[in-house]
$ cat coords11.cif   # mmCIF, C-alpha atoms
data_entry
#
loop_
_atom_site.label_atom_id
_atom_site.label_comp_id
_atom_site.auth_asym_id
_atom_site.auth_seq_id
_atom_site.Cartn_x
_atom_site.Cartn_y
_atom_site.Cartn_z
CA PHE X 511 62.71 129.49 65.91
CA PHE X 512 64.65 131.38 68.60
CA PRO X 513 67.21 129.49 70.71
CA THR X 514 69.90 131.56 72.42
CA ALA X 515 73.39 132.09 71.10
CA ARG X 516 74.73 129.80 73.81
CA ASP X 517 72.61 126.96 72.50
CA THR X 518 74.31 127.02 69.10
CA LEU X 519 77.30 125.45 70.86
CA GLN X 520 75.37 122.56 72.36
CA ILE X 521 74.48 119.38 70.51
CA GLU X 522 71.05 119.16 72.16
CA SER X 523 69.98 122.34 70.38
CA HIS X 524 70.52 120.66 67.04
CA ILE X 525 68.33 117.74 68.13
CA PHE X 526 65.47 120.12 69.00
CA LEU X 527 66.04 121.82 65.65
CA SER X 528 65.97 118.52 63.74
CA GLY X 529 62.61 117.66 65.26
CA ALA X 530 61.19 121.07 64.37
CA LEU X 531 62.50 120.72 60.82
CA GLU X 532 60.71 117.41 60.41
CA ALA X 533 57.39 119.00 61.30
CA THR X 534 57.83 122.15 59.21
CA SER X 535 58.91 120.12 56.18
CA GLU X 536 55.93 117.80 56.55
CA PHE X 537 53.52 120.75 56.52
CA ASP X 538 55.40 122.63 53.78
CA TYR X 539 56.71 125.44 55.99
CA SER X 540 60.23 126.87 56.01
CA LEU X 541 62.10 127.26 59.29
CA LEU X 542 64.08 130.42 60.01
CA VAL X 543 66.59 129.94 62.85
CA SER X 544 67.79 133.00 64.76
CA THR X 545 70.12 133.20 67.77
CA ALA X 546 70.70 136.92 67.38
CA THR X 547 68.43 138.43 69.98
CA HIS X 548 66.48 138.06 73.18
CA ASP X 549 64.92 141.49 72.66
CA PRO X 550 61.11 141.07 72.52
CA SER X 551 60.71 144.03 70.15
CA GLU X 552 63.15 142.58 67.62
CA ILE X 553 61.38 139.21 67.72
CA VAL X 554 58.06 140.95 67.10
CA ALA X 555 59.66 142.87 64.23
CA THR X 556 60.51 139.54 62.59
CA LEU X 557 56.78 138.82 62.43
CA GLU X 558 55.56 142.28 61.57
CA THR X 559 57.98 142.63 58.64
CA GLY X 560 56.73 139.37 57.18
CA ARG X 561 59.91 137.38 57.68
CA ALA X 562 57.98 134.77 59.68
CA ASP X 563 54.37 133.75 60.28
CA GLY X 564 54.93 132.58 63.85
CA VAL X 565 57.62 131.98 66.45
CA ILE X 566 58.90 129.00 68.44
CA LEU X 567 60.75 130.17 71.55
CA MET X 568 63.33 128.21 73.54
CA GLU X 569 65.30 128.97 76.72
CA VAL X 570 62.09 130.06 78.42
CA ARG X 571 62.16 131.92 81.73
CA LEU X 572 59.52 131.74 84.43
CA ALA X 573 58.73 135.41 83.74
CA ASP X 574 59.72 135.87 80.10
CA GLU X 575 59.41 139.30 78.47
CA ARG X 576 59.39 137.74 74.99
CA VAL X 577 56.33 135.68 75.85
CA GLU X 578 54.57 138.63 77.45
CA LYS X 579 55.18 140.80 74.38
CA LEU X 580 54.06 138.18 71.85
CA GLN X 581 50.94 137.40 73.87
CA ALA X 582 50.03 141.06 74.39
CA ASP X 583 50.39 141.80 70.68
CA GLY X 584 48.43 138.71 69.64
CA HIS X 585 51.17 137.07 67.58
CA PRO X 586 51.16 133.30 67.06
CA PHE X 587 53.88 131.46 68.97
CA SER X 588 54.67 128.27 70.83
CA LEU X 589 57.20 127.46 73.53
CA ILE X 590 59.68 124.66 74.02
CA GLY X 591 59.69 125.19 77.77
CA ARG X 592 57.13 127.02 79.90
CA CYS X 593 56.66 130.04 82.12
CA GLU X 594 55.34 130.13 85.66
CA ASP X 595 51.98 131.48 84.48
CA ASN X 596 50.98 129.69 81.28
CA GLU X 597 47.37 130.73 80.91
CA GLY X 598 46.50 130.91 77.23
CA ILE X 599 49.99 129.76 76.16
CA SER X 600 50.83 126.72 74.04
CA TYR X 601 53.94 124.81 75.02
CA VAL X 602 55.74 121.50 75.14
CA ASP X 603 58.14 120.99 78.03
CA PHE X 604 60.07 118.30 79.84
CA ASP X 605 59.25 117.52 83.47
CA PHE X 606 62.66 118.37 84.93
CA GLU X 607 61.42 118.28 88.51
CA TYR X 608 60.13 114.73 88.13
CA ALA X 609 63.27 113.62 86.29
CA VAL X 610 65.62 114.86 89.01
CA ARG X 611 63.51 113.30 91.75
CA THR X 612 63.53 109.99 89.87
CA ALA X 613 67.31 110.12 89.46
CA VAL X 614 67.92 110.85 93.14
CA HIS X 615 65.58 108.05 94.22
CA HIS X 616 67.43 105.62 91.93
CA LEU X 617 70.77 106.55 93.47
CA TYR X 618 69.34 106.32 96.98
CA GLU X 619 68.01 102.83 96.29
CA LEU X 620 71.52 101.80 95.24
CA GLY X 621 72.83 102.95 98.63
CA HIS X 622 74.25 106.39 97.87
CA ARG X 623 73.80 108.84 100.73
CA HIS X 624 75.53 111.97 99.43
CA VAL X 625 74.55 113.20 95.97
CA VAL X 626 75.38 116.34 94.00
CA LEU X 627 73.20 117.99 91.35
CA LEU X 628 75.17 119.60 88.52
CA ASN X 629 72.57 122.03 87.23
CA ARG X 630 72.76 124.18 84.11
CA ALA X 631 74.18 127.62 84.80
CA PRO X 632 71.53 130.10 83.56
CA SER X 633 74.12 132.70 82.56
CA ILE X 634 72.33 133.91 79.44
CA ALA X 635 68.69 132.98 79.97
CA GLY X 636 68.63 134.49 83.46
CA ALA X 637 68.29 133.43 87.07
CA ASP X 638 64.67 132.33 86.54
CA TYR X 639 65.50 129.97 83.67
CA GLY X 640 62.77 127.33 83.91
CA PRO X 641 64.76 124.05 83.71
CA THR X 642 67.34 125.25 86.24
CA VAL X 643 64.74 126.38 88.76
CA ARG X 644 62.58 123.28 88.39
CA SER X 645 65.54 120.90 88.52
CA GLN X 646 66.71 122.44 91.79
CA ALA X 647 63.18 122.20 93.20
CA GLY X 648 63.03 118.50 92.34
CA PHE X 649 66.43 117.93 93.91
CA GLN X 650 65.54 119.68 97.15
CA SER X 651 62.26 117.78 97.32
CA ALA X 652 64.01 114.41 96.93
CA LEU X 653 66.65 115.26 99.54
CA LYS X 654 63.91 116.15 102.02
CA GLU X 655 61.88 113.03 101.28
CA LEU X 656 64.88 110.73 101.72
CA SER X 657 66.77 112.64 104.46
CA LEU X 658 69.72 112.63 102.08
CA ALA X 659 72.85 114.79 102.03
CA GLY X 660 73.18 116.80 98.85
CA ASP X 661 74.95 119.67 97.12
CA HIS X 662 73.82 121.87 94.24
CA LEU X 663 76.30 123.30 91.73
CA LEU X 664 75.55 125.57 88.78
CA CYS X 665 77.77 124.29 86.03
CA GLY X 666 78.74 124.68 82.38
CA THR X 667 81.59 123.31 80.30
CA SER X 668 84.28 125.97 80.68
CA GLY X 669 87.69 125.36 82.20
CA ALA X 670 86.77 127.44 85.24
CA GLN X 671 83.75 125.28 85.89
CA TYR X 672 85.82 122.12 85.53
CA ILE X 673 88.06 123.48 88.30
CA GLU X 674 85.02 124.20 90.44
CA VAL X 675 83.77 120.61 90.05
CA LEU X 676 87.25 119.23 90.73
CA ARG X 677 87.56 121.25 93.94
CA PHE X 678 84.11 120.18 95.06
CA LEU X 679 84.99 116.50 94.65
CA GLU X 680 88.22 117.03 96.58
CA ARG X 681 86.46 118.62 99.54
CA ALA X 682 83.47 116.23 99.51
CA PRO X 683 84.90 112.70 99.64
CA THR X 684 81.59 111.31 100.92
CA CYS X 685 79.83 112.31 97.70
CA THR X 686 79.60 109.15 95.59
CA ALA X 687 77.00 110.06 92.97
CA ALA X 688 75.78 112.89 90.78
CA VAL X 689 72.76 113.90 88.76
CA THR X 690 73.74 115.98 85.73
CA LEU X 691 71.66 118.22 83.46
CA SER X 692 72.44 118.55 79.77
CA VAL X 693 76.20 118.58 79.14
CA THR X 694 77.24 119.21 82.76
CA TYR X 695 78.40 115.58 82.78
CA ALA X 696 81.46 116.67 80.75
CA PRO X 697 83.40 118.60 83.45
CA LEU X 698 82.34 115.98 86.00
CA LEU X 699 83.76 113.05 84.03
CA ALA X 700 86.96 115.01 83.36
CA ALA X 701 87.39 115.85 87.04
CA LEU X 702 86.71 112.28 88.14
CA ARG X 703 89.24 110.98 85.63
CA ASP X 704 91.90 113.40 86.84
CA LEU X 705 91.25 112.33 90.43
CA GLY X 706 91.62 108.67 89.51
CA ARG X 707 87.97 107.87 90.28
CA ARG X 708 86.23 105.50 87.90
CA VAL X 709 82.64 105.55 86.68
CA PRO X 710 80.76 103.52 87.80
CA GLU X 711 83.16 101.62 90.07
CA ASP X 712 83.94 104.60 92.31
CA PHE X 713 81.24 107.10 91.37
CA SER X 714 77.77 106.84 89.83
CA VAL X 715 76.21 109.32 87.42
CA VAL X 716 72.63 109.72 86.25
CA ALA X 717 72.53 112.12 83.30
CA ILE X 718 69.31 113.86 82.28
CA ILE X 719 69.99 114.28 78.60
CA ALA X 720 68.79 113.49 75.09
CA SER X 721 69.34 109.83 74.26
CA GLN X 722 71.17 110.79 71.06
CA VAL X 723 73.82 112.52 73.18
CA ALA X 724 74.01 109.75 75.78
CA ASP X 725 74.92 107.26 73.06
CA LEU X 726 78.11 109.25 72.38
CA VAL X 727 79.39 109.30 75.97
CA THR X 728 82.08 106.97 77.33
CA PRO X 729 81.67 105.36 79.79
CA PRO X 730 77.98 104.65 79.15
CA LEU X 731 75.91 106.62 81.65
CA THR X 732 72.64 105.77 83.31
CA THR X 733 70.21 108.35 81.95
CA ILE X 734 66.75 109.77 82.13
CA ASP X 735 66.10 110.38 78.47
CA MET X 736 64.86 113.83 77.50
CA PRO X 737 62.86 113.54 74.24
CA ALA X 738 64.48 116.57 72.60
CA TYR X 739 63.66 115.52 69.04
CA GLU X 740 60.02 114.89 69.93
CA MET X 741 59.84 118.22 71.77
CA GLY X 742 61.17 120.08 68.74
CA ARG X 743 58.67 118.34 66.46
CA LEU X 744 55.74 118.97 68.80
CA GLY X 745 56.71 122.61 69.33
CA ALA X 746 56.53 123.17 65.58
CA GLU X 747 53.30 121.20 65.16
CA ILE X 748 51.59 123.19 67.92
CA LEU X 749 52.51 126.45 66.17
CA ILE X 750 51.44 125.21 62.74
CA ARG X 751 48.04 124.16 64.08
CA ARG X 752 47.65 127.65 65.56
CA LEU X 753 48.54 129.21 62.20
CA THR X 754 45.93 127.02 60.53
CA ASP X 755 43.20 127.73 63.08
CA ASP X 756 43.68 130.58 65.54
CA GLU X 757 40.50 129.56 67.40
CA LEU X 758 42.08 126.38 68.73
CA PRO X 759 42.54 126.22 72.51
CA PRO X 760 46.12 126.27 73.85
CA SER X 761 48.00 122.97 73.68
CA GLN X 762 50.09 122.23 76.78
CA LEU X 763 52.25 119.10 76.87
CA LEU X 764 54.54 118.05 79.73
CA LEU X 765 56.69 115.06 78.77
CA ARG X 766 58.62 112.56 80.86
CA GLY X 767 61.43 110.20 79.90
CA PRO X 768 62.34 106.69 81.01
CA LEU X 769 65.19 105.77 83.35
CA GLN X 770 67.77 103.84 81.32
CA VAL X 771 70.08 101.99 83.71
CA ARG X 772 73.49 101.47 82.13
CA SER X 773 76.32 101.86 84.61
CA SER X 774 75.20 103.22 87.99
CA ARG X 775 76.22 101.08 90.96
CA PRO X 776 76.15 101.03 94.76
CA PRO X 777 78.80 103.23 96.41
CA PRO X 778 82.22 101.60 96.86
CA ARG X 779 82.85 99.97 100.19
CA ARG X 780 85.23 101.82 102.40
CA PRO X 781 88.03 99.79 103.97
CA ARG X 782 87.63 99.16 107.68
CA SER X 783 90.02 101.08 109.87
#
$ encode --input "coords11.cif" --output "structure tokens"
Amino acid sequence: FFPTARDTLQIESHIFLSGALEATSEFDYSLLVSTATHDPSEIVATLETGRADGVILMEVRLADERVEKLQADGHPFSLIGRCEDNEGISYVDFDFEYAVRTAVHHLYELGHRHVVLLNRAPSIAGADYGPTVRSQAGFQSALKELSLAGDHLLCGTSGAQYIEVLRFLERAPTCTAAVTLSVTYAPLLAALRDLGRRVPEDFSVVAIIASQVADLVTPPLTTIDMPAYEMGRLGAEILIRRLTDDELPPSQLLLRGPLQVRSSRPPPRRPRS
């Protein structure tokens, strides 16, 4: 099981891991977790030295050298995520493009006309990190469909990125709503609070995030739930089936989550001049 080192700091990674642990325990497998490397040769060495029977990869890029190496050498693996070319590859992924489009349409129907997407900064996984690329594609598609004004920010949780979000909100007073990926809601809520803007009275947020994380956030956010636990469990089950029968055809699952409306509202009315 190979998430990146960055993921060890994010609660969602532990939800994926919990799901994978359920499946491996059920089928009497042990789960080795490694965040040490993205080097394809070192991952292959884990298999060839007998430390593992197969690999579950996360943080998947559209063109991922790890996947290419494992596939070329014939090693069993599964992906939580997917590449651009997935022929012969087993994966479970979340439909980020659909989720972002759904979120933007929800905000548009409420009356918002300027929306920002706070996308995950792909600093470690690379510029072609699948969820980031597909989320941006869904955002641009929705803006075009609805003739909507929109901005796209790559964001994390550092202090510098909080400042970037704060400055964006200061220079874009017409922006009244945001779609956030993973934990990018955190700098947004902090910046809104420091600007004296309330959620949802002054600003609406739709967070695309695991429901287990959404339950911890105050104020409650409207979400599109990402089934992280289920994805972790399915990623492990797909690999275990391959280990049991290497003649099985690839299993490719693309999951969607429901829109859970909690606190998004129409944009505030502006006083007449």
$ closest_residue --input "coords11.cif" --among "X:Arg592, X:Arg707, X:Arg751, X:Arg630" --to "X:Thr686" --atoms "all atoms listed in the file"
X:Arg707
$ residues_near_point --input "coords11.cif" --point "(61.3, 122.1, 57.8)" --cutoff "12 Å" --atoms "only C-alpha atoms" --output "ChimeraX atom specification"
/X:511,527-543,742-743,746-747,750
$ write_last_selection --input "coords11.cif" --atoms "C-alpha atoms" --output "PDB file, in the frame of the given file"
ATOM      1  CA  PHE X 511      62.710 129.490  65.910  1.00  0.00           C
ATOM      2  CA  LEU X 527      66.040 121.820  65.650  1.00  0.00           C
ATOM      3  CA  SER X 528      65.970 118.520  63.740  1.00  0.00           C
ATOM      4  CA  GLY X 529      62.610 117.660  65.260  1.00  0.00           C
ATOM      5  CA  ALA X 530      61.190 121.070  64.370  1.00  0.00           C
ATOM      6  CA  LEU X 531      62.500 120.720  60.820  1.00  0.00           C
ATOM      7  CA  GLU X 532      60.710 117.410  60.410  1.00  0.00           C
ATOM      8  CA  ALA X 533      57.390 119.000  61.300  1.00  0.00           C
ATOM      9  CA  THR X 534      57.830 122.150  59.210  1.00  0.00           C
ATOM     10  CA  SER X 535      58.910 120.120  56.180  1.00  0.00           C
ATOM     11  CA  GLU X 536      55.930 117.800  56.550  1.00  0.00           C
ATOM     12  CA  PHE X 537      53.520 120.750  56.520  1.00  0.00           C
ATOM     13  CA  ASP X 538      55.400 122.630  53.780  1.00  0.00           C
ATOM     14  CA  TYR X 539      56.710 125.440  55.990  1.00  0.00           C
ATOM     15  CA  SER X 540      60.230 126.870  56.010  1.00  0.00           C
ATOM     16  CA  LEU X 541      62.100 127.260  59.290  1.00  0.00           C
ATOM     17  CA  LEU X 542      64.080 130.420  60.010  1.00  0.00           C
ATOM     18  CA  VAL X 543      66.590 129.940  62.850  1.00  0.00           C
ATOM     19  CA  GLY X 742      61.170 120.080  68.740  1.00  0.00           C
ATOM     20  CA  ARG X 743      58.670 118.340  66.460  1.00  0.00           C
ATOM     21  CA  ALA X 746      56.530 123.170  65.580  1.00  0.00           C
ATOM     22  CA  GLU X 747      53.300 121.200  65.160  1.00  0.00           C
ATOM     23  CA  ILE X 750      51.440 125.210  62.740  1.00  0.00           C
TER      24      ILE X 750
END
$ resolve_selection --input "coords11.cif" --expression "the PyMOL selection byres ((chain X and resi 638-655) around 6)" --output "list of chain:residue names"
X:Arg571, X:Leu572, X:Phe606, X:Glu607, X:Val610, X:Arg611, X:Arg630, X:Ala635, X:Gly636, X:Ala637, X:Leu656, X:Ser657, X:Leu658
$ write_last_selection --input "coords11.cif" --atoms "C-alpha atoms" --output "compact mmCIF listing (two decimals), keeping the file's coordinate frame"
# COMPACT_ATOMS: atom_id res chain seq x y z
CA ARG X 571 62.16 131.92 81.73
CA LEU X 572 59.52 131.74 84.43
CA PHE X 606 62.66 118.37 84.93
CA GLU X 607 61.42 118.28 88.51
CA VAL X 610 65.62 114.86 89.01
CA ARG X 611 63.51 113.30 91.75
CA ARG X 630 72.76 124.18 84.11
CA ALA X 635 68.69 132.98 79.97
CA GLY X 636 68.63 134.49 83.46
CA ALA X 637 68.29 133.43 87.07
CA LEU X 656 64.88 110.73 101.72
CA SER X 657 66.77 112.64 104.46
CA LEU X 658 69.72 112.63 102.08
$ resolve_selection --input "coords11.cif" --expression "the PyMOL selection byres ((chain X and resi 716) around 7)" --output "ChimeraX atom specification"
/X:613,688-690,714-715,717-718,731-733
$ write_last_selection --input "coords11.cif" --atoms "C-alpha atoms" --output "PDB file, keeping the file's coordinate frame"
ATOM      1  CA  ALA X 613      67.310 110.120  89.460  1.00  0.00           C
ATOM      2  CA  ALA X 688      75.780 112.890  90.780  1.00  0.00           C
ATOM      3  CA  VAL X 689      72.760 113.900  88.760  1.00  0.00           C
ATOM      4  CA  THR X 690      73.740 115.980  85.730  1.00  0.00           C
ATOM      5  CA  SER X 714      77.770 106.840  89.830  1.00  0.00           C
ATOM      6  CA  VAL X 715      76.210 109.320  87.420  1.00  0.00           C
ATOM      7  CA  ALA X 717      72.530 112.120  83.300  1.00  0.00           C
ATOM      8  CA  ILE X 718      69.310 113.860  82.280  1.00  0.00           C
ATOM      9  CA  LEU X 731      75.910 106.620  81.650  1.00  0.00           C
ATOM     10  CA  THR X 732      72.640 105.770  83.310  1.00  0.00           C
ATOM     11  CA  THR X 733      70.210 108.350  81.950  1.00  0.00           C
TER      12      THR X 733
END
$ resolve_selection --input "coords11.cif" --expression "the PyMOL selection byres ((chain X and resi 769) around 6)" --output "mmCIF file with C-alpha atoms, in the coordinates of the input"
data_model
loop_
_atom_site.group_PDB
_atom_site.id
_atom_site.type_symbol
_atom_site.label_atom_id
_atom_site.label_comp_id
_atom_site.auth_asym_id
_atom_site.auth_seq_id
_atom_site.Cartn_x
_atom_site.Cartn_y
_atom_site.Cartn_z
ATOM 1 C CA THR X 733 70.210 108.350 81.950
ATOM 2 C CA ILE X 734 66.750 109.770 82.130
ATOM 3 C CA PRO X 768 62.340 106.690 81.010
ATOM 4 C CA GLN X 770 67.770 103.840 81.320
#
$ residues_around --input "coords11.cif" --residues "stretch 761-763 of chain X" --least-positions-apart "4" --cutoff "10 Å" --atoms "all atoms listed in the file" --output "PyMOL selection string"
chain X and resi 588-592+596-605+741+744-745+748-749+751-752
$ atom_distance --input "coords11.cif" --atom1 "atom CA of X:Ala720" --atom2 "atom CA of X:Glu522"
6.8 Å
$ atom_distance --input "coords11.cif" --atom1 "atom CA of X:Glu757" --atom2 "atom CA of X:Thr556"
22.9 Å
$ closest_residue --input "coords11.cif" --among "X:Ile673, X:Tyr739, X:Ser721, X:Ala562" --to "X:Leu702" --atoms "only C-alpha atoms"
X:Ile673
$ atom_distance --input "coords11.cif" --atom1 "atom CA of X:Asp704" --atom2 "atom CA of X:Tyr618"
25.7 Å
$ residues_near_point --input "coords11.cif" --point "(62.0, 129.2, 72.9)" --cutoff "7 Å" --atoms "all atoms listed in the file" --output "list in words"
Phe512, Pro513, Ile566, Leu567, Met568, Glu569, Val570, Leu589, Ile590 and Gly591 of chain X
$ residues_around --input "coords11.cif" --residues "X:Arg775" --least-positions-apart "6" --cutoff "9 Å" --atoms "only C-alpha atoms" --output "list in words"
Leu617, Leu620, Gly621, His622, Val709, Pro710, Glu711, Asp712, Phe713, Ser714 and Val715 of chain X
$ closest_residue --input "coords11.cif" --among "X:Tyr695, X:Phe587, X:Phe526, X:Tyr672" --to "X:Asp563" --atoms "only C-alpha atoms"
X:Phe587
$ decode --input "coords11.cif" --residues "stretch 683-756 of chain X" --atoms "C-alpha atoms" --output "PDB file, in the first residue's frame"
ATOM      1  CA  PRO X 683     -15.654  40.638  -3.908  1.00  0.00           C
ATOM      2  CA  THR X 684     -18.132  39.267  -6.459  1.00  0.00           C
ATOM      3  CA  CYS X 685     -17.105  35.694  -5.658  1.00  0.00           C
ATOM      4  CA  THR X 686     -19.762  34.324  -3.300  1.00  0.00           C
ATOM      5  CA  ALA X 687     -19.162  30.574  -3.429  1.00  0.00           C
ATOM      6  CA  ALA X 688     -16.447  27.943  -3.601  1.00  0.00           C
ATOM      7  CA  VAL X 689     -15.982  24.303  -4.452  1.00  0.00           C
ATOM      8  CA  THR X 690     -13.200  22.735  -2.393  1.00  0.00           C
ATOM      9  CA  LEU X 691     -11.266  19.488  -2.861  1.00  0.00           C
ATOM     10  CA  SER X 692     -10.063  17.460   0.101  1.00  0.00           C
ATOM     11  CA  VAL X 693      -8.846  19.718   2.933  1.00  0.00           C
ATOM     12  CA  THR X 694      -8.627  22.921   0.860  1.00  0.00           C
ATOM     13  CA  TYR X 695     -11.721  24.064   2.769  1.00  0.00           C
ATOM     14  CA  ALA X 696      -9.454  24.759   5.783  1.00  0.00           C
ATOM     15  CA  PRO X 697      -7.579  27.862   4.501  1.00  0.00           C
ATOM     16  CA  LEU X 698     -10.812  29.083   2.900  1.00  0.00           C
ATOM     17  CA  LEU X 699     -12.802  28.973   6.145  1.00  0.00           C
ATOM     18  CA  ALA X 700      -9.928  30.641   8.012  1.00  0.00           C
ATOM     19  CA  ALA X 701      -9.685  33.426   5.441  1.00  0.00           C
ATOM     20  CA  LEU X 702     -13.441  34.002   5.409  1.00  0.00           C
ATOM     21  CA  ARG X 703     -13.493  34.174   9.194  1.00  0.00           C
ATOM     22  CA  ASP X 704     -10.676  36.725   9.253  1.00  0.00           C
ATOM     23  CA  LEU X 705     -12.525  38.835   6.681  1.00  0.00           C
ATOM     24  CA  GLY X 706     -15.695  38.757   8.760  1.00  0.00           C
ATOM     25  CA  ARG X 707     -17.622  36.746   6.158  1.00  0.00           C
ATOM     26  CA  ARG X 708     -19.920  34.046   7.485  1.00  0.00           C
ATOM     27  CA  VAL X 709     -20.665  30.623   6.026  1.00  0.00           C
ATOM     28  CA  PRO X 710     -23.313  30.215   4.715  1.00  0.00           C
ATOM     29  CA  GLU X 711     -24.841  33.668   5.276  1.00  0.00           C
ATOM     30  CA  ASP X 712     -22.214  35.532   3.233  1.00  0.00           C
ATOM     31  CA  PHE X 713     -20.458  32.748   1.359  1.00  0.00           C
ATOM     32  CA  SER X 714     -21.408  29.210   0.304  1.00  0.00           C
ATOM     33  CA  VAL X 715     -19.072  26.220   0.180  1.00  0.00           C
ATOM     34  CA  VAL X 716     -19.501  22.810  -1.419  1.00  0.00           C
ATOM     35  CA  ALA X 717     -16.736  20.496  -0.205  1.00  0.00           C
ATOM     36  CA  ILE X 718     -15.818  17.344  -2.109  1.00  0.00           C
ATOM     37  CA  ILE X 719     -14.560  15.246   0.748  1.00  0.00           C
ATOM     38  CA  ALA X 720     -15.008  12.021   2.692  1.00  0.00           C
ATOM     39  CA  SER X 721     -18.151  12.143   4.823  1.00  0.00           C
ATOM     40  CA  GLN X 722     -16.138  11.154   7.908  1.00  0.00           C
ATOM     41  CA  VAL X 723     -14.153  14.383   7.548  1.00  0.00           C
ATOM     42  CA  ALA X 724     -17.180  16.550   6.764  1.00  0.00           C
ATOM     43  CA  ASP X 725     -18.771  15.514  10.057  1.00  0.00           C
ATOM     44  CA  LEU X 726     -15.863  17.162  11.911  1.00  0.00           C
ATOM     45  CA  VAL X 727     -16.110  20.567  10.202  1.00  0.00           C
ATOM     46  CA  THR X 728     -17.783  23.628  11.733  1.00  0.00           C
ATOM     47  CA  PRO X 729     -19.870  25.167  10.277  1.00  0.00           C
ATOM     48  CA  PRO X 730     -21.466  22.135   8.607  1.00  0.00           C
ATOM     49  CA  LEU X 731     -20.651  22.233   4.900  1.00  0.00           C
ATOM     50  CA  THR X 732     -22.677  21.105   1.937  1.00  0.00           C
ATOM     51  CA  THR X 733     -20.692  18.211   0.488  1.00  0.00           C
ATOM     52  CA  ILE X 734     -20.372  15.739  -2.303  1.00  0.00           C
ATOM     53  CA  ASP X 735     -19.313  12.689  -0.370  1.00  0.00           C
ATOM     54  CA  MET X 736     -16.236  10.846  -1.603  1.00  0.00           C
ATOM     55  CA  PRO X 737     -16.486   7.181  -0.507  1.00  0.00           C
ATOM     56  CA  ALA X 738     -12.878   6.952   0.678  1.00  0.00           C
ATOM     57  CA  TYR X 739     -13.451   3.986   2.987  1.00  0.00           C
ATOM     58  CA  GLU X 740     -15.233   2.050   0.249  1.00  0.00           C
ATOM     59  CA  MET X 741     -12.485   2.915  -2.240  1.00  0.00           C
ATOM     60  CA  GLY X 742      -9.807   1.622   0.113  1.00  0.00           C
ATOM     61  CA  ARG X 743     -11.741  -1.606   0.684  1.00  0.00           C
ATOM     62  CA  LEU X 744     -12.400  -2.141  -3.025  1.00  0.00           C
ATOM     63  CA  GLY X 745      -8.793  -1.369  -3.966  1.00  0.00           C
ATOM     64  CA  ALA X 746      -7.637  -4.147  -1.644  1.00  0.00           C
ATOM     65  CA  GLU X 747     -10.334  -6.591  -2.768  1.00  0.00           C
ATOM     66  CA  ILE X 748      -9.446  -6.066  -6.433  1.00  0.00           C
ATOM     67  CA  LEU X 749      -5.798  -6.882  -5.695  1.00  0.00           C
ATOM     68  CA  ILE X 750      -6.649  -9.922  -3.575  1.00  0.00           C
ATOM     69  CA  ARG X 751      -8.844 -11.342  -6.336  1.00  0.00           C
ATOM     70  CA  ARG X 752      -5.934 -10.890  -8.755  1.00  0.00           C
ATOM     71  CA  LEU X 753      -3.597 -12.709  -6.353  1.00  0.00           C
ATOM     72  CA  THR X 754      -6.101 -15.550  -6.137  1.00  0.00           C
ATOM     73  CA  ASP X 755      -6.670 -15.798  -9.892  1.00  0.00           C
ATOM     74  CA  ASP X 756      -4.296 -13.989 -12.228  1.00  0.00           C
TER      75      ASP X 756
END
